[in-house]
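File shown: coords27.txt. Contents: compact mmCIF, C-alpha atoms.
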# COMPACT_ATOMS: atom_id res chain seq x y z
CA MET J 30 -32.87 12.69 28.22
CA LEU J 31 -33.11 15.93 30.14
CA LEU J 32 -30.04 16.40 32.27
CA ARG J 33 -30.05 17.87 35.73
CA GLU J 34 -29.25 21.57 35.57
CA VAL J 35 -25.54 22.25 35.45
CA ASP J 36 -23.26 25.26 35.12
CA TYR J 37 -20.73 25.38 32.32
CA ALA J 38 -17.46 27.18 31.81
CA ARG J 39 -15.01 27.09 28.95
CA PRO J 40 -11.64 28.37 30.14
CA SER J 41 -8.98 29.46 27.68
CA THR J 42 -5.91 28.51 29.72
CA VAL J 43 -4.93 25.50 31.81
CA GLU J 44 -4.40 27.78 34.82
CA GLU J 45 -7.92 29.11 34.47
CA ALA J 46 -9.31 25.56 34.20
CA ILE J 47 -7.52 24.52 37.38
CA SER J 48 -8.71 27.55 39.33
CA LEU J 49 -12.29 26.81 38.21
CA LEU J 50 -11.95 23.16 39.27
CA ALA J 51 -10.46 24.25 42.60
CA GLY J 52 -12.79 27.17 43.18
CA TYR J 53 -16.21 25.63 42.63
CA GLU J 54 -17.75 22.89 44.72
CA GLY J 55 -18.91 19.97 42.58
CA ALA J 56 -16.84 21.05 39.57
CA ARG J 57 -15.67 18.41 37.13
CA ALA J 58 -13.55 18.50 34.02
CA LEU J 59 -15.36 17.86 30.74
CA ALA J 60 -13.11 16.35 28.09
CA GLY J 61 -14.81 14.59 25.15
CA GLY J 62 -17.94 13.85 27.15
CA GLN J 63 -18.26 10.27 25.91
CA THR J 64 -18.60 8.95 29.45
CA ILE J 65 -19.68 11.84 31.62
CA VAL J 66 -22.67 12.90 29.52
CA ASN J 67 -24.12 9.39 29.74
CA VAL J 68 -23.26 9.17 33.42
CA MET J 69 -25.16 12.44 33.94
CA LYS J 70 -28.16 11.06 32.01
CA ALA J 71 -28.21 8.05 34.30
CA ARG J 72 -27.92 10.35 37.35
CA ALA J 73 -24.93 8.25 38.42
CA ALA J 74 -23.01 11.51 38.82
CA ALA J 75 -24.37 15.01 39.20
CA PRO J 76 -21.63 17.60 38.76
CA ASP J 77 -22.65 21.17 39.61
CA VAL J 78 -20.13 22.74 37.25
CA LEU J 79 -18.62 21.37 34.04
CA VAL J 80 -15.25 22.84 33.12
CA ASP J 81 -14.91 22.23 29.38
CA LEU J 82 -11.29 21.68 28.36
CA ALA J 83 -12.06 22.03 24.63
CA ASP J 84 -10.15 25.27 24.06
CA LEU J 85 -6.92 24.20 25.78
CA ALA J 86 -4.75 23.57 22.74
CA GLU J 87 -1.78 22.64 24.93
CA LEU J 88 -3.70 19.52 26.08
CA ARG J 89 -4.29 18.39 22.48
CA ALA J 90 -0.63 18.03 21.55
CA ILE J 91 1.36 14.85 20.89
CA GLY J 92 5.13 15.28 20.96
CA PHE J 93 8.41 14.28 22.55
CA SER J 94 10.01 15.58 25.72
CA SER J 95 13.68 16.62 25.75
CA ASP J 96 14.61 13.16 27.05
CA GLY J 97 12.67 11.36 24.31
CA LEU J 98 9.47 10.49 26.18
CA LEU J 99 6.35 10.33 24.00
CA GLU J 100 4.03 12.94 25.53
CA ILE J 101 0.31 12.69 24.90
CA GLY J 102 -1.92 15.57 25.98
CA ALA J 103 -4.93 14.65 28.09
CA MET J 104 -7.35 16.00 25.45
CA VAL J 105 -5.88 13.95 22.58
CA THR J 106 -8.69 11.92 21.02
CA TYR J 107 -8.47 8.25 20.06
CA SER J 108 -8.73 9.31 16.40
CA GLN J 109 -5.73 11.60 16.89
CA LEU J 110 -3.73 8.75 18.46
CA ILE J 111 -4.62 6.46 15.55
CA SER J 112 -3.33 8.92 12.93
CA SER J 113 -0.33 10.27 14.87
CA SER J 114 3.07 9.78 13.22
CA GLU J 115 4.75 10.28 16.63
CA VAL J 116 2.73 7.39 18.11
CA GLU J 117 3.47 5.23 15.08
CA VAL J 118 7.20 5.77 15.52
CA ALA J 119 7.43 5.58 19.31
CA ARG J 120 4.70 3.21 20.53
CA PRO J 121 2.35 1.92 17.80
CA ILE J 122 0.43 -0.32 20.22
CA LEU J 123 -1.34 2.83 21.47
CA ALA J 124 -2.85 3.44 18.03
CA GLU J 125 -3.62 -0.25 17.56
CA VAL J 126 -5.58 -0.45 20.81
CA ALA J 127 -7.25 2.95 20.33
CA ALA J 128 -8.63 1.72 17.01
CA THR J 129 -10.63 -0.95 18.90
CA ILE J 130 -12.26 1.45 21.38
CA GLY J 131 -15.95 2.18 20.85
CA ASP J 132 -16.73 3.17 17.27
CA VAL J 133 -15.76 5.93 14.84
CA GLN J 134 -18.02 8.52 16.46
CA VAL J 135 -16.78 7.75 19.96
CA ARG J 136 -13.14 7.75 18.80
CA ASN J 137 -13.63 11.21 17.28
CA ARG J 138 -14.63 12.64 20.65
CA GLY J 139 -13.30 10.35 23.39
CA THR J 140 -9.96 11.36 24.89
CA VAL J 141 -6.97 9.61 26.39
CA GLY J 142 -7.29 11.69 29.56
CA GLY J 143 -10.97 10.90 29.88
CA ASN J 144 -10.34 7.18 29.43
CA VAL J 145 -7.81 7.01 32.26
CA CYS J 146 -9.48 9.51 34.61
CA VAL J 147 -12.81 7.67 34.42
CA SER J 148 -10.82 4.61 35.51
CA ASP J 149 -13.59 2.23 34.58
CA PRO J 150 -12.18 -1.30 35.15
CA THR J 151 -13.19 -2.30 31.60
CA ASN J 152 -11.43 0.62 29.87
CA HIS J 153 -8.67 -0.31 27.45
CA LEU J 154 -5.99 2.24 28.27
CA PRO J 155 -5.41 1.72 32.02
CA PRO J 156 -3.89 -1.79 31.71
CA LEU J 157 -2.04 -0.82 28.54
CA LEU J 158 -0.47 2.29 30.09
CA LEU J 159 0.41 0.29 33.20
CA ALA J 160 2.23 -2.32 31.10
CA LEU J 161 4.03 0.41 29.15
CA GLY J 162 5.21 2.07 32.36
CA ALA J 163 3.56 5.39 31.55
CA SER J 164 3.71 8.43 33.80
CA PHE J 165 0.94 10.92 34.46
CA THR J 166 1.45 14.66 34.89
CA ILE J 167 -1.05 16.23 37.26
CA ARG J 168 -1.25 19.98 37.73
CA GLY J 169 -2.75 21.77 40.70
CA GLN J 170 -2.96 25.42 41.61
CA GLU J 171 0.38 25.42 43.42
CA SER J 172 2.41 22.72 41.78
CA GLU J 173 2.78 19.99 39.21
CA ARG J 174 3.64 16.37 39.95
CA THR J 175 4.27 13.24 37.96
CA VAL J 176 2.76 9.95 39.09
CA ALA J 177 3.81 6.51 37.84
CA ALA J 178 1.13 4.29 36.32
CA ASP J 179 1.53 1.87 39.27
CA ASP J 180 0.30 4.67 41.59
CA PHE J 181 -2.20 6.44 39.32
CA PHE J 182 -5.23 4.14 39.38
CA LEU J 183 -6.74 4.09 42.87
CA GLY J 184 -10.17 2.55 42.43
CA VAL J 185 -13.27 2.38 40.25
CA TYR J 186 -13.68 5.96 38.97
CA MET J 187 -10.82 7.08 41.25
CA THR J 188 -7.32 8.16 40.30
CA ALA J 189 -4.44 10.12 41.77
CA VAL J 190 -5.98 13.27 40.27
CA GLY J 191 -7.41 15.03 43.32
CA GLU J 192 -10.01 17.75 43.70
CA GLY J 193 -8.91 20.97 42.08
CA GLU J 194 -6.33 19.16 39.96
CA LEU J 195 -6.09 18.36 36.29
CA LEU J 196 -4.34 15.59 34.37
CA THR J 197 -2.43 17.45 31.67
CA LYS J 198 -0.40 14.81 29.87
CA ILE J 199 0.74 11.21 29.82
CA GLY J 200 4.35 10.25 29.19
CA VAL J 201 5.10 6.95 27.50
CA PRO J 202 8.63 5.64 27.08
CA PRO J 203 9.44 4.88 23.43
CA SER J 204 9.59 1.17 22.73
CA SER J 205 13.38 1.09 22.07
CA GLY J 206 13.23 -2.42 20.68
CA ALA J 207 10.64 -3.74 23.15
CA GLY J 208 7.57 -5.49 21.75
CA ASP J 209 4.04 -4.73 22.95
CA GLY J 210 0.94 -6.90 22.97
CA PHE J 211 -2.69 -6.56 23.92
CA ALA J 212 -5.25 -9.36 24.06
CA GLY J 213 -8.52 -10.18 25.71
CA VAL J 214 -12.00 -11.57 25.32
CA THR J 215 -14.87 -9.23 24.57
CA ILE J 216 -18.65 -9.43 24.80
CA GLY J 217 -19.41 -9.77 21.09
CA LYS J 218 -16.86 -8.89 18.43
CA HIS J 219 -16.40 -5.23 19.34
CA GLY J 220 -17.88 -5.15 22.81
CA THR J 221 -16.61 -4.47 26.29
CA PHE J 222 -13.79 -6.65 27.59
CA ILE J 223 -14.59 -9.46 30.02
CA VAL J 224 -10.85 -9.70 30.74
CA ASP J 225 -7.91 -8.12 28.93
CA ALA J 226 -4.15 -8.12 29.27
CA ALA J 227 -1.35 -5.88 28.04
CA ALA J 228 2.29 -6.87 27.91
CA THR J 229 5.59 -5.32 26.97
CA VAL J 230 8.64 -7.52 26.48
CA SER J 231 12.23 -6.40 26.05
CA ASP J 232 15.53 -8.18 26.52
CA GLU J 233 15.77 -6.70 30.03
CA SER J 234 12.25 -6.89 31.37
CA VAL J 235 8.66 -8.05 31.05
CA ARG J 236 5.67 -6.04 32.24
CA ILE J 237 2.18 -7.52 32.23
CA ALA J 238 -1.03 -5.80 33.33
CA LEU J 239 -4.53 -7.23 33.50
CA GLY J 240 -7.80 -5.36 33.09
CA CYS J 241 -11.34 -6.16 34.34
CA VAL J 242 -10.15 -8.44 37.16
CA ALA J 243 -10.17 -5.87 39.97
CA ALA J 244 -11.12 -2.24 40.62
CA THR J 245 -7.85 -1.13 39.03
CA PRO J 246 -5.48 -2.78 36.54
CA VAL J 247 -3.33 -5.47 38.15
CA ARG J 248 0.36 -6.15 37.47
CA ALA J 249 1.09 -9.86 37.04
CA THR J 250 4.39 -9.53 38.90
CA GLU J 251 4.94 -13.22 39.64
CA MET J 252 4.39 -14.14 36.00
CA GLU J 253 6.78 -11.33 35.04
CA GLN J 254 9.44 -12.81 37.34
CA ARG J 255 8.92 -16.32 36.02
CA LEU J 256 9.50 -14.98 32.49
CA ALA J 257 12.89 -13.43 33.30
CA GLY J 258 15.35 -14.94 30.84
CA SER J 259 12.58 -16.89 29.10
CA ASP J 260 12.88 -18.08 25.50
CA PHE J 261 9.24 -16.93 25.08
CA SER J 262 8.20 -20.18 23.45
CA GLU J 263 4.49 -20.81 23.75
CA GLU J 264 5.20 -23.67 26.16
CA SER J 265 7.30 -21.57 28.53
CA VAL J 266 4.91 -18.61 28.48
CA ARG J 267 2.01 -20.94 29.27
CA ALA J 268 4.01 -22.44 32.11
CA ALA J 269 4.77 -18.97 33.48
CA ALA J 270 1.06 -18.10 33.47
CA GLN J 271 0.23 -21.08 35.71
CA GLY J 272 -1.11 -19.82 39.02
CA LEU J 273 -1.84 -16.30 37.75
CA GLY J 274 -5.60 -16.94 37.83
CA ALA J 275 -5.47 -18.35 41.33
CA SER J 276 -3.70 -15.22 42.56
CA LEU J 277 -6.65 -13.02 41.49
CA ASP J 278 -10.00 -12.28 43.09
CA PRO J 279 -11.99 -11.05 40.08
CA PRO J 280 -15.64 -9.97 40.16
CA ALA J 281 -18.45 -12.19 38.90
CA ASP J 282 -21.26 -10.79 36.75
CA VAL J 283 -23.69 -11.80 34.02
CA HIS J 284 -20.83 -11.98 31.50
CA GLY J 285 -18.56 -14.27 33.43
CA SER J 286 -18.05 -15.97 36.79
CA ALA J 287 -14.99 -15.21 38.88
CA GLU J 288 -13.64 -18.64 37.95
CA TYR J 289 -14.06 -17.89 34.22
CA ARG J 290 -12.27 -14.56 34.63
CA ARG J 291 -9.36 -16.32 36.41
CA HIS J 292 -9.12 -18.63 33.41
CA LEU J 293 -9.35 -15.75 30.92
CA ALA J 294 -6.67 -13.85 32.82
CA GLU J 295 -4.16 -16.61 32.10
CA VAL J 296 -5.31 -16.99 28.48
CA SER J 297 -5.17 -13.22 27.85
CA ALA J 298 -1.78 -12.80 29.54
CA VAL J 299 -0.29 -15.64 27.47
CA ARG J 300 -1.63 -14.17 24.23
CA ALA J 301 -0.44 -10.65 25.07
CA VAL J 302 3.05 -11.83 26.07
CA LEU J 303 3.43 -14.02 22.96
CA GLN J 304 2.35 -11.14 20.74
CA ALA J 305 4.75 -8.76 22.52
CA ALA J 306 7.66 -11.21 22.40
CA GLY J 307 7.07 -11.79 18.69
CA ARG J 308 7.29 -8.07 18.04
CA ARG J 309 10.45 -7.21 19.98
CA LYS J 310 13.47 -6.23 17.98
CA GLY J 311 15.41 -9.22 16.78
CA ALA J 312 12.63 -11.69 17.63
CA MET S 108 -12.24 34.67 33.68
CA ALA S 109 -15.69 33.63 32.51
CA ALA S 110 -17.66 32.39 35.51
CA PRO S 111 -19.64 29.16 35.11
CA ALA S 112 -23.22 29.78 34.01
CA SER S 113 -26.30 27.65 33.46
CA SER S 114 -26.62 28.88 29.88
CA ARG S 115 -24.30 30.16 27.16
CA ALA S 116 -24.66 32.23 24.02
CA ILE S 117 -23.29 30.00 21.27
CA ALA S 118 -22.48 30.68 17.65
CA LEU S 119 -22.15 27.83 15.23
CA GLU S 120 -22.51 27.06 11.57
CA LEU S 121 -25.30 24.60 10.83
CA ASN S 122 -25.49 23.20 7.30
CA GLY S 123 -23.68 26.32 6.11
CA GLU S 124 -25.91 28.81 7.93
CA GLN S 125 -24.81 30.86 10.90
CA VAL S 126 -26.80 30.24 14.09
CA GLU S 127 -26.44 32.39 17.20
CA VAL S 128 -28.57 31.53 20.20
CA GLU S 129 -28.46 31.19 23.96
CA VAL S 130 -28.83 27.58 25.15
CA PRO S 131 -29.06 25.98 28.58
CA ALA S 132 -25.81 24.20 29.46
CA ARG S 133 -27.69 20.96 30.09
CA ARG S 134 -29.27 20.83 26.59
CA LEU S 135 -27.99 17.89 24.53
CA LEU S 136 -26.88 18.79 21.02
CA VAL S 137 -29.45 16.41 19.54
CA HIS S 138 -32.31 18.14 21.37
CA PHE S 139 -30.96 21.54 20.35
CA ILE S 140 -30.96 20.43 16.70
CA ARG S 141 -34.37 18.76 16.80
CA ASP S 142 -36.39 20.85 19.25
CA ASP S 143 -34.80 24.31 19.13
CA LEU S 144 -33.90 24.39 15.43
CA GLY S 145 -36.70 22.11 14.23
CA LEU S 146 -34.42 19.86 12.17
CA THR S 147 -35.94 16.49 12.96
CA GLY S 148 -33.96 14.45 10.46
CA THR S 149 -31.44 13.68 13.20
CA HIS S 150 -33.02 10.92 15.29
CA VAL S 151 -32.85 9.94 18.93
CA GLY S 152 -32.63 6.17 19.10
CA CYS S 153 -31.14 4.79 22.28
CA ASP S 154 -30.03 8.03 23.97
CA THR S 155 -27.08 6.08 25.42
CA GLY S 156 -24.49 6.52 22.66
CA ASN S 157 -24.87 3.02 21.25
CA CYS S 158 -27.17 3.21 18.22
CA GLY S 159 -25.78 6.10 16.15
CA ALA S 160 -29.18 7.35 14.91
CA CYS S 161 -28.21 10.81 16.22
CA THR S 162 -24.93 10.96 14.22
CA VAL S 163 -24.09 14.43 12.87
CA HIS S 164 -20.88 15.96 11.56
CA LEU S 165 -18.89 18.18 13.88
CA ASP S 166 -16.19 19.99 11.90
CA GLY S 167 -16.59 17.31 9.26
CA GLU S 168 -16.23 14.29 11.55
CA PRO S 169 -19.11 12.02 12.59
CA VAL S 170 -20.08 12.30 16.26
CA LYS S 171 -23.07 11.17 18.30
CA SER S 172 -25.13 14.25 19.13
CA CYS S 173 -26.78 12.59 22.14
CA MET S 174 -23.37 12.46 23.82
CA LEU S 175 -22.57 16.12 23.35
CA LEU S 176 -23.92 19.21 25.00
CA ALA S 177 -25.05 21.93 22.63
CA VAL S 178 -22.65 24.34 24.36
CA GLN S 179 -19.75 22.07 23.38
CA ALA S 180 -20.56 22.82 19.73
CA ASP S 181 -19.97 26.54 20.26
CA GLY S 182 -17.74 27.70 17.40
CA ALA S 183 -18.08 24.45 15.43
CA LYS S 184 -19.47 23.58 12.05
CA ILE S 185 -22.36 21.14 12.38
CA GLY S 186 -23.75 19.13 9.49
CA THR S 187 -27.01 17.20 9.64
CA VAL S 188 -28.80 14.91 7.18
CA GLU S 189 -30.84 17.89 5.95
CA GLY S 190 -27.62 19.43 4.65
CA LEU S 191 -26.68 16.54 2.36
CA ALA S 192 -29.01 17.09 -0.61
CA SER S 193 -28.76 20.45 -2.33
CA ASP S 194 -31.65 22.04 -4.25
CA GLY S 195 -33.63 18.84 -3.90
CA GLU S 196 -30.92 16.81 -5.63
CA LEU S 197 -29.96 13.73 -3.59
CA THR S 198 -26.29 12.90 -3.11
CA ALA S 199 -24.85 9.82 -4.81
CA LEU S 200 -25.00 8.05 -1.45
CA GLN S 201 -28.66 8.90 -0.88
CA LYS S 202 -29.48 7.67 -4.40
CA ALA S 203 -27.53 4.47 -3.73
CA PHE S 204 -29.53 3.87 -0.52
CA ASN S 205 -32.67 4.15 -2.62
CA GLU S 206 -31.41 1.93 -5.44
CA HIS S 207 -29.97 -0.77 -3.19
CA HIS S 208 -32.95 -0.85 -0.84
CA ALA S 209 -30.64 0.07 2.05
CA LEU S 210 -33.46 0.84 4.44
CA GLN S 211 -36.73 -0.56 5.64
CA CYS S 212 -38.15 1.49 8.50
CA GLY S 213 -35.61 4.27 7.92
CA TYR S 214 -35.04 5.17 11.55
CA CYS S 215 -31.29 4.56 11.44
CA THR S 216 -30.88 6.02 7.94
CA PRO S 217 -29.93 9.63 8.83
CA GLY S 218 -27.13 8.35 11.08
CA MET S 219 -26.03 5.80 8.49
CA LEU S 220 -25.89 8.51 5.83
CA MET S 221 -23.83 10.83 8.01
CA SER S 222 -21.33 8.11 8.97
CA ALA S 223 -21.06 6.84 5.39
CA THR S 224 -20.72 10.36 3.96
CA ALA S 225 -17.77 11.01 6.28
CA LEU S 226 -16.23 7.67 5.26
CA LEU S 227 -16.54 8.47 1.55
CA GLU S 228 -14.88 11.82 2.09
CA ARG S 229 -11.93 10.11 3.80
CA ILE S 230 -11.85 6.95 1.62
CA PRO S 231 -13.59 7.61 -1.73
CA HIS S 232 -13.43 3.94 -2.80
CA PRO S 233 -14.02 1.94 0.38
CA THR S 234 -13.90 -1.84 0.60
CA GLU S 235 -16.65 -3.79 2.32
CA ASP S 236 -14.38 -4.03 5.40
CA ASP S 237 -13.83 -0.24 5.39
CA VAL S 238 -17.59 0.28 5.31
CA ARG S 239 -18.33 -2.19 8.08
CA TYR S 240 -15.62 -0.64 10.30
CA ALA S 241 -16.94 2.88 9.63
CA LEU S 242 -20.56 1.90 10.35
CA GLN S 243 -19.79 -0.06 13.51
CA GLY S 244 -21.32 2.73 15.58
CA ASN S 245 -24.62 2.69 13.68
CA ILE S 246 -27.18 0.03 14.50
CA CYS S 247 -29.89 -1.11 12.07
CA ARG S 248 -32.51 -3.53 13.29
CA CYS S 249 -34.22 -4.10 9.92
CA THR S 250 -31.83 -4.79 7.10
CA GLY S 251 -29.07 -6.99 8.47
CA TYR S 252 -26.70 -4.35 7.02
CA VAL S 253 -26.09 -6.22 3.74
CA ASN S 254 -27.85 -3.70 1.50
CA ILE S 255 -26.48 -0.73 3.43
CA VAL S 256 -22.91 -1.95 2.94
CA GLU S 257 -23.63 -2.65 -0.74
CA ALA S 258 -24.98 0.86 -1.23
CA VAL S 259 -21.89 2.53 0.26
CA VAL S 260 -19.46 0.29 -1.65
CA ALA S 261 -21.42 0.99 -4.85
CA VAL S 262 -20.93 4.76 -4.47
CA GLY S 263 -17.16 4.22 -4.34
CA ARG S 264 -17.33 2.08 -7.44
CA GLY S 265 -19.43 4.71 -9.18
CA SER S 266 -22.17 2.17 -9.91

What is this file in structure tokens?
Amino acid sequence: MLLREVDYARPSTVEEAISLLAGYEGARALAGGQTIVNVMKARAAAPDVLVDLADLAELRAIGFSSDGLLEIGAMVTYSQLISSSEVEVARPILAEVAATIGDVQVRNRGTVGGNVCVSDPTNHLPPLLLALGASFTIRGQESERTVAADDFFLGVYMTAVGEGELLTKIGVPPSSGAGDGFAGVTIGKHGTFIVDAAATVSDESVRIALGCVAATPVRATEMEQRLAGSDFSEESVRAAAQGLGASLDPPADVHGSAEYRRHLAEVSAVRAVLQAAGRRKGA
Amino acid sequence: MAAPASSRAIALELNGEQVEVEVPARRLLVHFIRDDLGLTGTHVGCDTGNCGACTVHLDGEPVKSCMLLAVQADGAKIGTVEGLASDGELTALQKAFNEHHALQCGYCTPGMLMSATALLERIPHPTEDDVRYALQGNICRCTGYVNIVEAVVAVGRGS
């Protein structure tokens, strides 16, 4: 496919990348390209300038902040997540889920930052990072800010990252004894999710997030509250999920009616919570 | 600061040979390889990133060249199916594809070979599950995959 003509720049510092994004009309960040190149083929988006982040080594790092937060650079690929010893120690669910995204070739190029900034409702990482209580560091020309996962995803293809800004890293709290789960129903064995759910369960709290049921991932707050102090038996988790489907207004498409998605939301949430509860320390 | 431009002079290593050329920013890597360099072993199947016929190695790792711009490969080492055999001698994997009848029409074969070559470099003795996981991004519409998987497993077993 011949793409529409586009200008290309490959900055060598984050500051340079941000000033390019801010200084050129129609400029967009190019991370791994596993979404945007196809979107450009389909003429669904037509950026005038691509700012390639490939040379920004600082965005490719995985490490820990001074207060113990797992920090994942926006340009970290899924393959990097899968083989990271830091991820394995701090939050292995990230590697587990990344290993189910796309295929080997896509995982070698696709990035964590790209996955969340595309904010496609069927992407794996938005609900997972919402359940994990991740935070997103966004840098602009003047300042840097950190946005909680609850405030990051604004709509289909829309996030808190504004024009002339760049997502630089994602902070994930280490599990500290909490268990994490991820479950859903896909189109075919390795296909796109019809509905998915992520959960994290600790002695103090439960966080559950659903994917594919709205423009952005949805917290199942009522189910979370009903699970406070739960014994996490299958019976009690199923009981807590009652009414979750009815609280949603999911889209209908060729893969599933809205009613089916409401049903799958409860099924996925139960599976994710049971998996998470079974993995918490002392469970 | 380098201003954005509609083309870029890129330098990359392709199958061990240095290539320096100016390419339009919008040129896909697969078209650069096929049309500009004339290496037509890398195929365009779906052009949507699903089928894997365009799989090449970028710094040793399999990637889909229809989902990359040629300018993104600036500074990289690219390997294509033409670079597998040396002096007309097929690799063990290529021989195994022949012996196990791992192709019918052959359209997916270059991509299969590139994905499987990368797998064998990472896991020299893969199980059937390893092979199926590694080839998930490569679609074959002829064989039903059975003989392809057998061929790759056989290389690991040295048979």

Notebook entry, point to check: Counting all atoms listed in the file, which residues from chain J have an atom at most 10 Å from any atom of chain S, and could you show them as a PyMOL selection string?
Noted result: chain J and resi 30-42+45-46+48-49+53+56+59-71+77-83+128-129+131-138+219

Next item on the list: Write out as a PyMOL selection string each polymer residue whose atoms come within 9 Å of J:Phe165, counting all atoms listed in the file; drop sequence neighbours fewer than 3 positions from it.
Entry: chain J and resi 174-178+181+196-200

Next item on the list: Compile the contact shell of J:Val190 as number ranges by chain: residues with an atom at most 12 Å away, counting all atoms listed in the file, same-chain residues fewer than 4 positions apart removed.
Entry: J: 47, 50, 57-58, 142-143, 145-148, 165-169, 173-176, 180-184, 186, 194-198

Could you please take those selected residues and save C-alpha atoms as a PDB file, in the coordinates of the input?
ATOM      1  CA  ILE J  47      -7.520  24.520  37.380  1.00  0.00           C
ATOM      2  CA  LEU J  50     -11.950  23.160  39.270  1.00  0.00           C
ATOM      3  CA  ARG J  57     -15.670  18.410  37.130  1.00  0.00           C
ATOM      4  CA  ALA J  58     -13.550  18.500  34.020  1.00  0.00           C
ATOM      5  CA  GLY J 142      -7.290  11.690  29.560  1.00  0.00           C
ATOM      6  CA  GLY J 143     -10.970  10.900  29.880  1.00  0.00           C
ATOM      7  CA  VAL J 145      -7.810   7.010  32.260  1.00  0.00           C
ATOM      8  CA  CYS J 146      -9.480   9.510  34.610  1.00  0.00           C
ATOM      9  CA  VAL J 147     -12.810   7.670  34.420  1.00  0.00           C
ATOM     10  CA  SER J 148     -10.820   4.610  35.510  1.00  0.00           C
ATOM     11  CA  PHE J 165       0.940  10.920  34.460  1.00  0.00           C
ATOM     12  CA  THR J 166       1.450  14.660  34.890  1.00  0.00           C
ATOM     13  CA  ILE J 167      -1.050  16.230  37.260  1.00  0.00           C
ATOM     14  CA  ARG J 168      -1.250  19.980  37.730  1.00  0.00           C
ATOM     15  CA  GLY J 169      -2.750  21.770  40.700  1.00  0.00           C
ATOM     16  CA  GLU J 173       2.780  19.990  39.210  1.00  0.00           C
ATOM     17  CA  ARG J 174       3.640  16.370  39.950  1.00  0.00           C
ATOM     18  CA  THR J 175       4.270  13.240  37.960  1.00  0.00           C
ATOM     19  CA  VAL J 176       2.760   9.950  39.090  1.00  0.00           C
ATOM     20  CA  ASP J 180       0.300   4.670  41.590  1.00  0.00           C
ATOM     21  CA  PHE J 181      -2.200   6.440  39.320  1.00  0.00           C
ATOM     22  CA  PHE J 182      -5.230   4.140  39.380  1.00  0.00           C
ATOM     23  CA  LEU J 183      -6.740   4.090  42.870  1.00  0.00           C
ATOM     24  CA  GLY J 184     -10.170   2.550  42.430  1.00  0.00           C
ATOM     25  CA  TYR J 186     -13.680   5.960  38.970  1.00  0.00           C
ATOM     26  CA  GLU J 194      -6.330  19.160  39.960  1.00  0.00           C
ATOM     27  CA  LEU J 195      -6.090  18.360  36.290  1.00  0.00           C
ATOM     28  CA  LEU J 196      -4.340  15.590  34.370  1.00  0.00           C
ATOM     29  CA  THR J 197      -2.430  17.450  31.670  1.00  0.00           C
ATOM     30  CA  LYS J 198      -0.400  14.810  29.870  1.00  0.00           C
TER      31      LYS J 198
END

Produce the centre coordinates and the three edge lengths, each in Å to one decimal, of the box along x, y and z that contains all listed atoms of stretch 136-155 of chain S with 5 Å added on each side, as lines of an AutoDock Vina configuration file.
center_x = -31.8
center_y = 14.6
center_z = 17.9
size_x = 19.8
size_y = 29.6
size_z = 25.0

Next item on the list: Work out how far apart atom CA of S:Glu189 and atom CA of S:Gly251 are and give it in Å to one decimal.
Entry: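 So the answer is 25.1 Å.
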
Next item on the list: Just give me the gap between atom CA of J:Gly210 and atom CA of J:Leu98 in Å, one decimal is fine.
Entry: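 Distance between the two atoms: 19.6 Å.
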
Checklist line | Which of S:Gly167, S:Arg264, S:Asp194, S:Leu210 sits closest to S:Arg229 [using only C-alpha atoms] | finding: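 Checking each candidate against S:Arg229, we get S:Gly167 as the closest.
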
Margin query: Residues within 7 Å of J:Gly206, please, as a PyMOL selection string. Count only C-alpha atoms; anything in the same chain fewer than 4 positions from it doesn't count.
Written below: chain J and resi 231+309-310

Residues from the last selection, C-alpha atoms, saved as an mmCIF file, in the coordinates of the input:
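The result, written out as again37.cif:
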data_model
loop_
_atom_site.group_PDB
_atom_site.id
_atom_site.type_symbol
_atom_site.label_atom_id
_atom_site.label_comp_id
_atom_site.auth_asym_id
_atom_site.auth_seq_id
_atom_site.Cartn_x
_atom_site.Cartn_y
_atom_site.Cartn_z
ATOM 1 C CA SER J 231 12.230 -6.400 26.050
ATOM 2 C CA ARG J 309 10.450 -7.210 19.980
ATOM 3 C CA LYS J 310 13.470 -6.230 17.980
#

Next item on the list: Kindly indicate which residue among J:Pro156, J:Gly193, J:Gly307, J:Gly162 lies nearest to J:Gly213, using all atoms listed in the file for the distances.
Entry: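 Comparing J:Pro156, J:Gly193, J:Gly307, J:Gly162 against J:Gly213, the winner is J:Pro156.
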
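For the set J:Pro155, J:Arg308, J:Glu117, J:Val105, the residue with the smallest atom-to-atom gap to J:Gly139 is J:Val105, counting all atoms listed in the file.
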
Item checked: Separation of atom CA of S:Asp142 from atom CA of S:Gly218 in Å -> 17.6 Å

Check: Pick the closest to S:Ala192 from S:Leu220, S:Val260, S:Val253, S:Leu144: which is it, counting only C-alpha atoms?
Finding: S:Leu220

Next item on the list: Could you check which of J:Val201, J:Ala227, J:Leu158, J:Ile122 is closest to J:Ala298, using only C-alpha atoms?
Entry: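 Closest to J:Ala298 of all the choices is J:Ala227.
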
Margin query: Residues near J:Gln271, anyone? I mean within 12 Å using only C-alpha atoms, not counting same-chain ones fewer than 3 positions away, as a PyMOL selection string.
Written below: chain J and resi 249+251-253+255-256+264-268+274-276+291-296+298-299
